[in-house]
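Okay, entry25.cif is below, mmCIF, C-alpha atoms and all ligand atoms:
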```
data_coords
#
loop_
_atom_site.label_atom_id
_atom_site.label_comp_id
_atom_site.auth_asym_id
_atom_site.auth_seq_id
_atom_site.Cartn_x
_atom_site.Cartn_y
_atom_site.Cartn_z
CA MET A 1050 -11.42 8.82 -1.65
CA LYS A 1051 -12.10 7.33 -5.05
CA LYS A 1052 -9.46 4.89 -6.29
CA LEU A 1053 -7.82 5.83 -9.58
CA TYR A 1054 -5.91 4.01 -12.31
CA PRO A 1055 -2.26 4.82 -13.19
CA GLY A 1056 -1.73 8.42 -14.22
CA GLY A 1057 -4.67 9.47 -12.02
CA LYS A 1058 -7.17 8.24 -14.63
CA ALA A 1059 -10.69 7.36 -13.47
CA LYS A 1060 -11.41 4.70 -16.11
CA ALA A 1061 -9.64 1.98 -18.06
CA PHE A 1062 -10.16 0.80 -21.64
CA ASN A 1063 -8.89 -2.26 -23.50
CA ILE A 1064 -9.73 -4.14 -26.67
CA THR A 1065 -9.00 -7.85 -26.84
CA TYR A 1066 -9.08 -9.69 -30.16
CA ASP A 1067 -8.52 -13.37 -30.77
CA ASP A 1068 -7.04 -15.65 -33.41
CA GLY A 1069 -4.44 -13.46 -35.18
CA VAL A 1070 -6.13 -13.11 -38.57
CA LEU A 1071 -5.30 -10.98 -41.64
CA GLN A 1072 -7.69 -8.17 -40.62
CA ASP A 1073 -5.54 -7.58 -37.51
CA GLU A 1074 -3.19 -5.56 -39.73
CA ARG A 1075 -5.92 -3.00 -40.44
CA PHE A 1076 -7.22 -3.21 -36.88
CA VAL A 1077 -3.84 -2.57 -35.22
CA ALA A 1078 -3.42 0.46 -37.52
CA LEU A 1079 -6.80 1.73 -36.25
CA LEU A 1080 -5.81 1.27 -32.60
CA ASN A 1081 -2.45 2.95 -33.21
CA LYS A 1082 -4.16 5.92 -34.89
CA TYR A 1083 -6.15 6.54 -31.67
CA GLY A 1084 -3.53 5.54 -29.09
CA ILE A 1085 -5.52 2.53 -27.87
CA LYS A 1086 -3.86 -0.64 -26.59
CA GLY A 1087 -5.00 -4.08 -27.66
CA THR A 1088 -4.48 -7.60 -26.41
CA PHE A 1089 -4.11 -10.19 -29.16
CA ASN A 1090 -4.57 -13.87 -28.38
CA LEU A 1091 -2.68 -16.11 -30.79
CA ASN A 1092 -2.40 -19.80 -31.65
CA SER A 1093 1.27 -20.32 -32.49
CA GLU A 1094 0.83 -23.59 -34.37
CA LEU A 1095 -1.87 -22.22 -36.66
CA MET A 1096 0.46 -19.42 -37.74
CA GLN A 1097 3.00 -21.92 -39.07
CA ASN A 1098 0.83 -22.98 -41.99
CA GLU A 1099 -1.40 -19.89 -42.38
CA PHE A 1100 -4.48 -21.93 -41.47
CA SER A 1101 -7.74 -20.70 -43.02
CA TRP A 1102 -11.45 -21.51 -42.76
CA THR A 1103 -14.67 -20.44 -44.45
CA HIS A 1104 -16.94 -18.05 -42.55
CA PRO A 1105 -20.72 -18.80 -42.71
CA ASN A 1106 -21.07 -15.81 -45.07
CA GLY A 1107 -18.58 -17.36 -47.51
CA MET A 1108 -15.58 -15.19 -46.61
CA GLN A 1109 -12.20 -16.93 -46.23
CA VAL A 1110 -10.75 -16.22 -42.78
CA LYS A 1111 -6.96 -16.45 -42.92
CA ARG A 1112 -4.42 -16.54 -40.12
CA LEU A 1113 -1.40 -14.28 -40.23
CA SER A 1114 1.94 -15.96 -40.85
CA VAL A 1115 4.85 -15.88 -38.40
CA GLU A 1116 6.68 -13.33 -40.60
CA LYS A 1117 3.67 -11.01 -40.63
CA VAL A 1118 3.00 -11.02 -36.89
CA LYS A 1119 6.60 -10.52 -35.77
CA HIS A 1120 6.33 -6.72 -35.44
CA LEU A 1121 2.61 -6.15 -36.03
CA TYR A 1122 1.74 -6.15 -32.33
CA ASP A 1123 4.58 -3.87 -31.15
CA GLY A 1124 3.14 -1.68 -28.38
CA HIS A 1125 0.27 -4.13 -27.77
CA GLU A 1126 -0.04 -7.30 -25.70
CA VAL A 1127 0.38 -10.75 -27.22
CA ALA A 1128 -1.26 -13.53 -25.24
CA SER A 1129 -1.83 -17.25 -25.67
CA HIS A 1130 -4.97 -18.78 -27.17
CA THR A 1131 -3.55 -22.39 -27.14
CA LEU A 1132 -1.44 -24.04 -29.82
CA THR A 1133 -4.23 -25.18 -32.14
CA HIS A 1134 -7.54 -23.71 -30.87
CA PRO A 1135 -9.12 -26.98 -29.63
CA TYR A 1136 -12.40 -27.29 -27.76
CA MET A 1137 -10.97 -27.93 -24.30
CA TYR A 1138 -13.63 -30.04 -22.63
CA ASN A 1139 -12.23 -33.39 -23.77
CA LEU A 1140 -8.52 -32.77 -23.43
CA SER A 1141 -6.45 -34.96 -21.11
CA ASP A 1142 -4.35 -33.22 -18.45
CA GLY A 1143 -1.26 -33.81 -20.59
CA GLU A 1144 -2.84 -32.39 -23.74
CA LEU A 1145 -4.17 -29.39 -21.85
CA TYR A 1146 -0.73 -28.60 -20.41
CA HIS A 1147 0.89 -29.01 -23.83
CA GLN A 1148 -1.65 -26.67 -25.48
CA LEU A 1149 -0.96 -23.91 -22.96
CA LYS A 1150 2.71 -24.34 -22.11
CA SER A 1151 4.01 -24.92 -25.65
CA ASP A 1152 2.01 -21.98 -27.02
CA LYS A 1153 3.43 -19.73 -24.28
CA GLU A 1154 6.98 -20.89 -25.09
CA ASN A 1155 6.54 -20.53 -28.87
CA LEU A 1156 5.10 -17.02 -28.53
CA GLU A 1157 7.82 -15.97 -26.08
CA LYS A 1158 10.48 -17.12 -28.52
CA LEU A 1159 8.83 -15.43 -31.50
CA PHE A 1160 8.02 -12.10 -29.82
CA GLU A 1161 11.02 -12.07 -27.47
CA ARG A 1162 8.91 -11.03 -24.48
CA GLU A 1163 7.08 -12.63 -21.57
CA ILE A 1164 3.60 -13.91 -22.45
CA LYS A 1165 1.48 -13.19 -19.38
CA GLY A 1166 -2.06 -13.96 -20.50
CA PHE A 1167 -4.16 -16.84 -21.71
CA ALA A 1168 -7.60 -16.71 -23.36
CA VAL A 1169 -9.62 -19.87 -23.78
CA PRO A 1170 -10.75 -20.84 -27.30
CA PHE A 1171 -14.51 -21.29 -27.82
CA ASP A 1172 -16.75 -21.10 -24.75
CA TYR A 1173 -15.86 -24.02 -22.49
CA TYR A 1174 -13.99 -23.18 -19.29
CA ASP A 1175 -13.48 -24.91 -15.95
CA ASP A 1176 -11.26 -24.92 -12.85
CA ARG A 1177 -8.92 -27.48 -14.40
CA ILE A 1178 -8.07 -24.98 -17.17
CA ALA A 1179 -7.63 -22.22 -14.59
CA GLU A 1180 -5.23 -24.37 -12.55
CA CYS A 1181 -3.30 -25.38 -15.65
CA ALA A 1182 -2.89 -21.72 -16.69
CA LYS A 1183 -1.56 -20.98 -13.21
CA ALA A 1184 0.85 -23.96 -13.37
CA CYS A 1185 2.12 -22.80 -16.79
CA GLY A 1186 3.05 -19.41 -15.31
CA PHE A 1187 0.32 -17.22 -16.79
CA ALA A 1188 -0.65 -14.18 -14.73
CA TYR A 1189 -4.27 -14.43 -15.84
CA ALA A 1190 -6.66 -16.66 -17.78
CA ARG A 1191 -9.68 -15.30 -19.60
CA LYS A 1192 -12.89 -17.22 -20.14
CA SER A 1193 -15.48 -16.44 -22.82
CA GLU A 1194 -18.01 -14.87 -20.49
CA PHE A 1195 -18.97 -11.23 -20.25
CA THR A 1196 -19.76 -8.99 -17.30
CA ASN A 1197 -21.77 -6.58 -19.46
CA SER A 1198 -20.75 -4.03 -16.85
CA PHE A 1199 -17.93 -1.62 -16.03
CA LYS A 1200 -17.03 -3.41 -12.80
CA PRO A 1201 -13.52 -4.86 -13.03
CA CYS A 1202 -13.23 -8.62 -12.69
CA SER A 1203 -11.83 -9.73 -9.34
CA ASP A 1204 -10.59 -13.22 -10.29
CA SER A 1205 -7.59 -13.23 -12.62
CA TYR A 1206 -7.89 -16.97 -13.40
CA HIS A 1207 -11.60 -16.75 -14.21
CA TRP A 1208 -11.25 -13.45 -16.00
CA LYS A 1209 -14.35 -12.02 -17.60
CA THR A 1210 -14.34 -9.14 -20.05
CA GLY A 1211 -17.04 -6.52 -20.58
CA ILE A 1212 -18.85 -7.00 -23.88
CA TYR A 1213 -18.67 -8.92 -27.16
CA HIS A 1214 -18.25 -6.56 -30.11
CA ILE A 1215 -21.20 -7.98 -32.07
CA ASP A 1216 -23.55 -7.23 -29.16
CA ASP A 1217 -26.40 -4.97 -30.36
CA ASN A 1218 -25.83 -2.87 -27.27
CA LEU A 1219 -22.15 -2.13 -28.03
CA THR A 1220 -22.53 1.54 -28.94
CA ASN A 1221 -24.80 2.28 -25.94
CA PHE A 1222 -22.43 0.37 -23.66
CA VAL A 1223 -19.51 2.59 -24.71
CA ALA A 1224 -21.63 5.74 -24.39
CA ASP A 1225 -22.63 4.71 -20.85
CA PHE A 1226 -18.98 4.02 -20.05
CA LEU A 1227 -18.02 7.54 -21.09
CA ASN A 1228 -20.65 8.91 -18.65
CA THR A 1229 -20.24 6.54 -15.73
CA GLU A 1230 -18.99 7.74 -12.34
CA GLU A 1231 -18.35 4.19 -11.04
CA GLU A 1232 -15.07 3.68 -9.22
CA LEU A 1233 -12.37 1.96 -11.33
CA ALA A 1234 -14.77 1.59 -14.24
CA VAL A 1235 -13.38 -0.49 -17.08
CA CYS A 1236 -14.60 -1.05 -20.62
CA GLN A 1237 -13.26 -4.19 -22.27
CA ILE A 1238 -14.42 -5.07 -25.76
CA VAL A 1239 -13.73 -8.55 -27.13
CA GLY A 1240 -13.96 -10.01 -30.61
CA HIS A 1241 -12.16 -11.04 -33.80
CA SER A 1242 -11.06 -8.61 -36.49
CA TYR A 1243 -12.55 -10.77 -39.27
CA ASP A 1244 -15.99 -9.93 -37.79
CA LEU A 1245 -15.36 -6.30 -38.72
CA ASP A 1246 -15.44 -7.37 -42.37
CA ALA A 1247 -18.14 -10.04 -41.95
CA GLU A 1248 -20.49 -7.83 -39.91
CA ASN A 1249 -19.50 -4.54 -41.54
CA LEU A 1250 -18.36 -3.11 -38.22
CA TRP A 1251 -15.28 -1.09 -39.17
CA GLY A 1252 -17.17 2.22 -39.08
CA THR A 1253 -18.66 1.47 -35.64
CA MET A 1254 -15.27 0.50 -34.23
CA GLU A 1255 -13.64 3.63 -35.59
CA LEU A 1256 -16.37 5.83 -34.02
CA ILE A 1257 -15.81 4.05 -30.68
CA CYS A 1258 -12.02 4.45 -30.89
CA ALA A 1259 -12.39 8.14 -31.78
CA ALA A 1260 -14.87 8.75 -28.91
CA VAL A 1261 -12.78 7.10 -26.18
CA SER A 1262 -9.52 8.62 -27.42
CA LYS A 1263 -10.99 12.12 -26.87
CA CYS A 1264 -11.61 11.40 -23.19
CA ASP A 1265 -8.55 12.35 -21.15
CA ASP A 1266 -9.72 10.45 -18.07
CA ILE A 1267 -9.09 7.01 -19.58
CA TRP A 1268 -6.11 4.73 -19.04
CA PHE A 1269 -5.50 2.79 -22.26
CA CYS A 1270 -4.03 -0.50 -21.11
CA THR A 1271 -3.42 -4.09 -22.08
CA ASN A 1272 -5.33 -6.84 -20.32
CA ALA A 1273 -2.12 -7.87 -18.51
CA GLU A 1274 -1.55 -4.31 -17.26
CA LEU A 1275 -5.14 -4.15 -16.03
CA VAL A 1276 -4.89 -7.47 -14.19
CA GLU A 1277 -1.57 -6.47 -12.65
CA PHE A 1278 -2.98 -3.15 -11.44
CA LEU A 1279 -6.11 -4.76 -9.98
CA LYS A 1280 -4.08 -7.44 -8.18
CA GLN A 1281 -2.31 -4.68 -6.30
CA ASN A 1282 -5.24 -2.33 -5.78
CA GLN A 1283 -8.45 -4.32 -5.49
CA GLY A 1284 -10.09 -5.36 -2.26
ZN ZN B 1301 -10.46 -18.05 -30.95
#
```
Show me the file's structure as C-alpha cells.
Ligand SMILES: [Zn+2]
Amino acid sequence: MKKLYPGGKAKAFNITYDDGVLQDERFVALLNKYGIKGTFNLNSELMQNEFSWTHPNGMQVKRLSVEKVKHLYDGHEVASHTLTHPYMYNLSDGELYHQLKSDKENLEKLFEREIKGFAVPFDYYDDRIAECAKACGFAYARKSEFTNSFKPCSDSYHWKTGIYHIDDNLTNFVADFLNTEEELAVCQIVGHSYDLDAENLWGTMELICAAVSKCDDIWFCTNAELVEFLKQNQG
C-alpha cells in the first residue's frame, strides 16, 4: 500500500526562505493567506544591527530587526543560518561550532522555542559541517543543492531541497508536482524574499500558493516536520 503523509495526505509542500529580510513580512502574509507553512533561516547576529547590502540591481536588501521578527514567524519554522552568514570553507572547528551553536542559542532565546534546523549559507558544504550540526543538537542540516525532483531526501544531515525559486522551470515543476502519483512526493521551494522584488516574482509565487492551496491532498509542513516524519517512515 502507498505510504501517506500525516492526515492521510499523498504529498507534502514546504517553502524555505533564507536571511530574514524586510520582504519576509509581505511573504509571510502571503503564506498565511493560503495556509502554507514556511521555514525561515536566520542569522541572529545580523539582526542586531539591521545589516544591509546592495543587490546587483541597485536595490538595498535590509535585514529585519529583532523587534520585527519576534512574532512575524508565528506558525512557521525558524531555523539557523549561522550567526553572521560566513562562507564556511575556511572556518576553524572552533569558529564553525560558534557560528552554529551560538546562533541556535540566540534564536531559541528570542523565539522561545527549540530551533531544530540549520541551513548552510552560500553553497559550500562538507561532512565537517554536517557533523558539527549534529553535535550542536540540530535535527537536520540543509545544504544548497537541489534534487529537482519530488523524491524526499533520505539524509537529514545532507538535506537537499527541491528547486530554487528563480529556476526557469519553477512553474512547470509545481504543475508536475500537482499531477504526480509518486509515493511521498514532496515539493520544496527555496529562495530569499528579496528576490521576489528583484526578479519581479510576487505574482508567480502567489499563483503557486493559490494552486497548491486548492489541492486537498497536500500536507503543508515545515522542513523540521518533514524531516521528523521521514525519519520515522522512510526505508
Ligand atoms: Zn543566506
Inset, instruction - With only C-alpha atoms and all ligand atoms counted, collect every polymer residue having an atom within 6 Å of ligand ZN 1301 (chain B); state the result as JSON, numbers by chain. - result: {"A": [1067, 1068, 1170]}
Inset, instruction - May I have the residues within 7 Å of region 1264-1266 of chain A as a ChimeraX atom specification, using only C-alpha atoms and disregarding those fewer than 4 positions away in the same chain? - result: /A:1058-1060
Inset, instruction - Find the distance between CA of Leu1132 (chain A) and CA of Ile1178 (chain A) and write it in Å to one decimal. - result: 14.3 Å
Legend entry - Pairwise distance for CA of Asp1216 (chain A) and CA of Glu1194 (chain A), rounded to one decimal in Å: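 Separation between CA of Asp1216 (chain A) and CA of Glu1194 (chain A): 12.8 Å.
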Legend entry - 8 Å contact set for Val1235 (chain A), only C-alpha atoms, chain neighbours under 6 positions out, as a PyMOL selection string: chain A and resi 1060-1062+1199-1201+1211+1226
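Excluding region 1165-1168 of chain A and any residue on its chain fewer than 5 positions from it, the residues at most 8 Å away by only C-alpha atoms are Asn1090, Val1127, Ala1128, Ser1129, His1130, Thr1131, Leu1149, Ala1182, Gly1186, Phe1187, Ala1188, Tyr1189, Ala1190, Arg1191, Lys1192, Ser1193, Asn1272 and Ala1273 of chain A.
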Legend entry - One-decimal distance in Å that lies between CA of Ile1238 (chain A) and CA of Ile1212 (chain A):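 Those two atoms sit 5.2 Å apart.
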Legend entry - Selected residue, from A:Lys1052, A:Leu1071, A:Asp1175, A:Ile1257, that lies nearest to Asp1225 (chain A) when counting all atoms listed in the file: A:Ile1257
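Comparing A:Val1276, A:Gly1252, A:Asn1221, A:Glu1161 by their smallest distance to Tyr1206 (chain A), the closest is A:Val1276 (using only C-alpha atoms).
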Could the residues of region 1092-1171 of chain A that have an atom at most 12 Å from region 1267-1270 of chain A be listed as JSON lines, each with its closest atom pair and the distance in Å to one decimal, counting all atoms listed in the file and ordered by chain and ascending residue number?
```
{"residue": "A:Gly1124", "atom": "CA", "partner": "A:Cys1270", "partner_atom": "CA", "distance": 10.3}
{"residue": "A:His1125", "atom": "CA", "partner": "A:Cys1270", "partner_atom": "CA", "distance": 8.7}
{"residue": "A:Glu1126", "atom": "CA", "partner": "A:Cys1270", "partner_atom": "CA", "distance": 9.1}
```
Inset, instruction - Name the residues in contact with Glu1094 (chain A) at a cut-off of 10 Å, using all atoms listed in the file, excluding same-chain residues fewer than 4 positions from it; report them as JSON, numbers by chain. - result: {"A": [1098, 1099, 1100, 1115, 1131, 1132, 1133, 1134, 1148, 1151, 1152, 1155, 1156]}
Inset, instruction - Excluding Phe1076 (chain A) and any residue of its chain fewer than 6 positions from it, enumerate the residues within 12 Å of it, using only C-alpha atoms, and give them as a ChimeraX atom specification. - result: /A:1064-1067,1069-1070,1082-1083,1085-1089,1121-1122,1125,1240-1246,1250-1252,1254-1255,1258
Could you save those same residues with C-alpha atoms as a tab-separated table (two decimals), in the coordinates of the input?
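Written file, again_6.tsv:
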```tsv
chain	number	residue	atom	x	y	z
A	1064	ILE	CA	-9.73	-4.14	-26.67
A	1065	THR	CA	-9.00	-7.85	-26.84
A	1066	TYR	CA	-9.08	-9.69	-30.16
A	1067	ASP	CA	-8.52	-13.37	-30.77
A	1069	GLY	CA	-4.44	-13.46	-35.18
A	1070	VAL	CA	-6.13	-13.11	-38.57
A	1082	LYS	CA	-4.16	5.92	-34.89
A	1083	TYR	CA	-6.15	6.54	-31.67
A	1085	ILE	CA	-5.52	2.53	-27.87
A	1086	LYS	CA	-3.86	-0.64	-26.59
A	1087	GLY	CA	-5.00	-4.08	-27.66
A	1088	THR	CA	-4.48	-7.60	-26.41
A	1089	PHE	CA	-4.11	-10.19	-29.16
A	1121	LEU	CA	2.61	-6.15	-36.03
A	1122	TYR	CA	1.74	-6.15	-32.33
A	1125	HIS	CA	0.27	-4.13	-27.77
A	1240	GLY	CA	-13.96	-10.01	-30.61
A	1241	HIS	CA	-12.16	-11.04	-33.80
A	1242	SER	CA	-11.06	-8.61	-36.49
A	1243	TYR	CA	-12.55	-10.77	-39.27
A	1244	ASP	CA	-15.99	-9.93	-37.79
A	1245	LEU	CA	-15.36	-6.30	-38.72
A	1246	ASP	CA	-15.44	-7.37	-42.37
A	1250	LEU	CA	-18.36	-3.11	-38.22
A	1251	TRP	CA	-15.28	-1.09	-39.17
A	1252	GLY	CA	-17.17	2.22	-39.08
A	1254	MET	CA	-15.27	0.50	-34.23
A	1255	GLU	CA	-13.64	3.63	-35.59
A	1258	CYS	CA	-12.02	4.45	-30.89
```
May I have the protein, DNA and RNA residues with an atom at most 12 Å from (-7.4, -34.3, -18.6), counting all atoms listed in the file in the file's coordinates, returned as a compact mmCIF listing (two decimals) with C-alpha atoms, in the coordinates of the input?
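File produced: result-v5.txt:
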```txt
# COMPACT_ATOMS: atom_id res chain seq x y z
CA MET A 1137 -10.97 -27.93 -24.30
CA TYR A 1138 -13.63 -30.04 -22.63
CA ASN A 1139 -12.23 -33.39 -23.77
CA LEU A 1140 -8.52 -32.77 -23.43
CA SER A 1141 -6.45 -34.96 -21.11
CA ASP A 1142 -4.35 -33.22 -18.45
CA GLY A 1143 -1.26 -33.81 -20.59
CA GLU A 1144 -2.84 -32.39 -23.74
CA LEU A 1145 -4.17 -29.39 -21.85
CA TYR A 1146 -0.73 -28.60 -20.41
CA HIS A 1147 0.89 -29.01 -23.83
CA GLN A 1148 -1.65 -26.67 -25.48
CA ASP A 1175 -13.48 -24.91 -15.95
CA ASP A 1176 -11.26 -24.92 -12.85
CA ARG A 1177 -8.92 -27.48 -14.40
CA ILE A 1178 -8.07 -24.98 -17.17
CA GLU A 1180 -5.23 -24.37 -12.55
CA CYS A 1181 -3.30 -25.38 -15.65
```
Inset, instruction - Determine the nearest neighbour of Leu1091 (chain A) from the options A:Val1169, A:Met1108, A:Leu1279, A:Ala1078, counting all atoms listed in the file. - result: A:Val1169
Inset, instruction - Go through A:His1214, A:Ala1260, A:Val1118, A:Lys1209 and flag the residue nearest Asn1228 (chain A), using only C-alpha atoms for the distances. - result: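 The closest residue to Asn1228 (chain A) is A:Ala1260.
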